[in-house]
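Colleague: Can you read through this structure? Questions will come right after.
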Amino acid sequence: MRFLIIEQVQFFVLIDDRSRPEVGPTEAGIVTELAEQQVRLVGTFSLGTDFASGNGNIVMSDQNFLRYFGALGPDEDRRTLNTVDVGLLKLASGANVEAVAQALRNQLPKDVKILTKAEFVQQERDYWRNNTSIGFVFSLLATMSFIVGIILVYQILYTDVAEHWAEYATLKAMGYSNWYLLGIVLQEAIILAVIGFVPGFLISWALYELAMNATGLLMQMTIARVINLFIATTIMCLISGTIAVRKVQATDPAEVFGS
């Protein structure tokens with residue numbers, strides 16, 4: 001589990017109501033157990049799990065954190081407030097975030113890393129993408145999906161081109177250039193991308209909701225993500241169309257009509 005430390009009454013905690021079932025009860029007012037000690041749930045918040053917290057989150061005071069999780073092991077010193085991992089500063093409205101961050105960097109020791117919220121978010125993303133197997137697996141799946149999509153769309157477009165072989169040969173015999181034939185197929189590819197994207201988006205959105213409810217992970221279908229997926233889908237279809245029309249461009253019309 002992941003823990004956020006705030007100033008709070010001892011033995012009291014807030015619990016994420018989107019925690020996984022194995023965490024136990026999440027209703028406010030319940031007295032339960034945490035780290036083999038009694039604890040009272042005085043309220044809830046809604047956050048969801050992630051790859052770090054695993055199954056849930058709680059919010060407690062700094063003193064409670066030491067009370068429940070101060071012991072690190074038989075061969076290690078007990079945790080103190082000097083062993084804080086992350087500290088959070090809330091700035092006044094209108095404050096210059098970059099200027100404050102730079103001032104803290106100048107004043108605090110070099111072993112204290114000062115990050116703005118945007119920098120901290122980017123650091124976390126880079127860590128999960130580049131330094132864990134999770135990032136590699138997701139990147140591999142995305143790449144393989146793109147390649148498989150190119151193959152599937154190619155099969156669809158090539159079948160359509162093959163069924164209208166004579167028509168394409170006629171256009172070529174009439175003097176239309178290969179670029180014109182390519183434009184026809186690419187138009188069909190774009191239409192296919194638009195038509196296929198709509199049900200694909202709806203299915204993906206439903207799967208996002210299903211996965212979020214099943215795992216507690218925060219999964220958002222943002223506008224930027226939708227736009228990027230549409231661009232990737234269009235590029236995928238355009239690549240497939242370019243490959244599918246190559247045989248038509250290389251074919252001699254006389255050979256088509258001669259057969």
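Residue numbers start at 1 in each chain; chains themselves are named A, B, ... in the order of the structure tokens; ligands are numbered from 1 in the order shown.
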What's the 10 Å shell around A:Ile156, counting only C-alpha atoms, without same-chain residues fewer than 2 positions away, as a ChimeraX atom specification?
Modeller: /A:151-154,158-161,189,192,240-241,244
Colleague: Please produce a file of those selected residues containing N, CA, C and O atoms, as an mmCIF file, in the first residue's frame.
Modeller:
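After the write, selection25.cif holds the following:
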data_model
loop_
_atom_site.group_PDB
_atom_site.id
_atom_site.type_symbol
_atom_site.label_atom_id
_atom_site.label_comp_id
_atom_site.auth_asym_id
_atom_site.auth_seq_id
_atom_site.Cartn_x
_atom_site.Cartn_y
_atom_site.Cartn_z
ATOM 1 N N ILE A 151 -1.466 -5.146 -40.978
ATOM 2 C CA ILE A 151 -1.684 -6.378 -41.750
ATOM 3 C C ILE A 151 -3.163 -6.602 -42.013
ATOM 4 O O ILE A 151 -3.568 -6.937 -43.142
ATOM 5 N N LEU A 152 -4.007 -6.406 -40.999
ATOM 6 C CA LEU A 152 -5.442 -6.629 -41.159
ATOM 7 C C LEU A 152 -6.047 -5.644 -42.162
ATOM 8 O O LEU A 152 -6.832 -6.036 -43.047
ATOM 9 N N VAL A 153 -5.695 -4.367 -42.024
ATOM 10 C CA VAL A 153 -6.241 -3.366 -42.951
ATOM 11 C C VAL A 153 -5.710 -3.611 -44.352
ATOM 12 O O VAL A 153 -6.438 -3.436 -45.347
ATOM 13 N N TYR A 154 -4.455 -4.047 -44.472
ATOM 14 C CA TYR A 154 -3.897 -4.370 -45.783
ATOM 15 C C TYR A 154 -4.710 -5.474 -46.455
ATOM 16 O O TYR A 154 -5.002 -5.398 -47.656
ATOM 17 N N TYR A 158 -6.440 -4.805 -49.901
ATOM 18 C CA TYR A 158 -5.942 -5.580 -51.030
ATOM 19 C C TYR A 158 -7.060 -6.416 -51.648
ATOM 20 O O TYR A 158 -7.129 -6.564 -52.871
ATOM 21 N N THR A 159 -7.947 -6.965 -50.805
ATOM 22 C CA THR A 159 -9.087 -7.731 -51.331
ATOM 23 C C THR A 159 -9.985 -6.847 -52.180
ATOM 24 O O THR A 159 -10.441 -7.249 -53.264
ATOM 25 N N ASP A 160 -10.218 -5.633 -51.716
ATOM 26 C CA ASP A 160 -11.049 -4.713 -52.488
ATOM 27 C C ASP A 160 -10.363 -4.325 -53.793
ATOM 28 O O ASP A 160 -11.020 -4.248 -54.850
ATOM 29 N N VAL A 161 -9.047 -4.072 -53.736
ATOM 30 C CA VAL A 161 -8.310 -3.730 -54.961
ATOM 31 C C VAL A 161 -8.348 -4.893 -55.948
ATOM 32 O O VAL A 161 -8.544 -4.703 -57.162
ATOM 33 N N ALA A 189 -8.692 4.196 -47.583
ATOM 34 C CA ALA A 189 -8.042 3.900 -46.309
ATOM 35 C C ALA A 189 -8.477 4.881 -45.225
ATOM 36 O O ALA A 189 -8.722 4.492 -44.075
ATOM 37 N N LEU A 192 -11.966 4.095 -44.184
ATOM 38 C CA LEU A 192 -11.926 2.909 -43.335
ATOM 39 C C LEU A 192 -11.439 3.263 -41.930
ATOM 40 O O LEU A 192 -11.943 2.726 -40.926
ATOM 41 N N SER A 240 -1.144 0.766 -44.874
ATOM 42 C CA SER A 240 -1.752 -0.412 -45.483
ATOM 43 C C SER A 240 -2.203 -0.127 -46.910
ATOM 44 O O SER A 240 -2.015 -0.944 -47.818
ATOM 45 N N GLY A 241 -2.798 1.059 -47.126
ATOM 46 C CA GLY A 241 -3.244 1.422 -48.468
ATOM 47 C C GLY A 241 -2.093 1.575 -49.441
ATOM 48 O O GLY A 241 -2.190 1.163 -50.612
ATOM 49 N N ALA A 244 -1.031 -1.899 -50.357
ATOM 50 C CA ALA A 244 -2.033 -2.622 -51.136
ATOM 51 C C ALA A 244 -2.075 -2.192 -52.596
ATOM 52 O O ALA A 244 -2.407 -2.994 -53.483
#
Colleague: Name the residues of stretch 15-75 of chain A that come out as strand (DSSP E or B) in a backbone DSSP run; write them as a ChimeraX atom specification.
Modeller: /A:15-16,31-34,37-45,49,57-60
Colleague: As a PyMOL selection string, please: every residue in stretch 8-165 of chain A that DSSP puts in helix (DSSP H, G or I).
Modeller: chain A and resi 21-23+62-69+81-83+97-107+117-130+133-163+165
Colleague: Mind pulling up the distance from atom CA of A:Ile243 to atom CA of A:Ile231?
Modeller: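 Going from atom CA of A:Ile231 over to atom CA of A:Ile243 covers 18.6 Å.
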Colleague: Name the closest residue to A:Tyr176 among the candidates A:Val97, A:Ala52, A:Gln249, A:Ala35; distances are taken between atoms, counting only C-alpha atoms.
Modeller: A:Gln249
Colleague: For A:Gly48, which residue out of A:Gln63, A:Thr83, A:Ser19, A:Thr32 is the nearest one, using only C-alpha atoms?
Modeller: A:Ser19
Colleague: Go through A:Leu181, A:Ile58, A:Leu115, A:Ala103 one by one, measure the shortest atom-to-atom distance of each to A:Val23 using only C-alpha atoms, and give the residue with the smallest value.
Modeller: A:Ile58
Colleague: If you count only C-alpha atoms, which residues fall within 10 Å of A:Met212, apart from same-chain ones fewer than 5 positions away, as a list in words?
Modeller: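 The residues that qualify are Arg18, Gly48, Thr49, Ala206, Leu207, Leu217, Leu218, Met219 and Gln220 of chain A.
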Colleague: Using atom CA of A:Leu157 and atom CA of A:Phe197 as the two end points, give the distance in Å to one decimal.
Modeller: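 Answer for the atom CA of A:Leu157 to atom CA of A:Phe197 separation: 16.2 Å.
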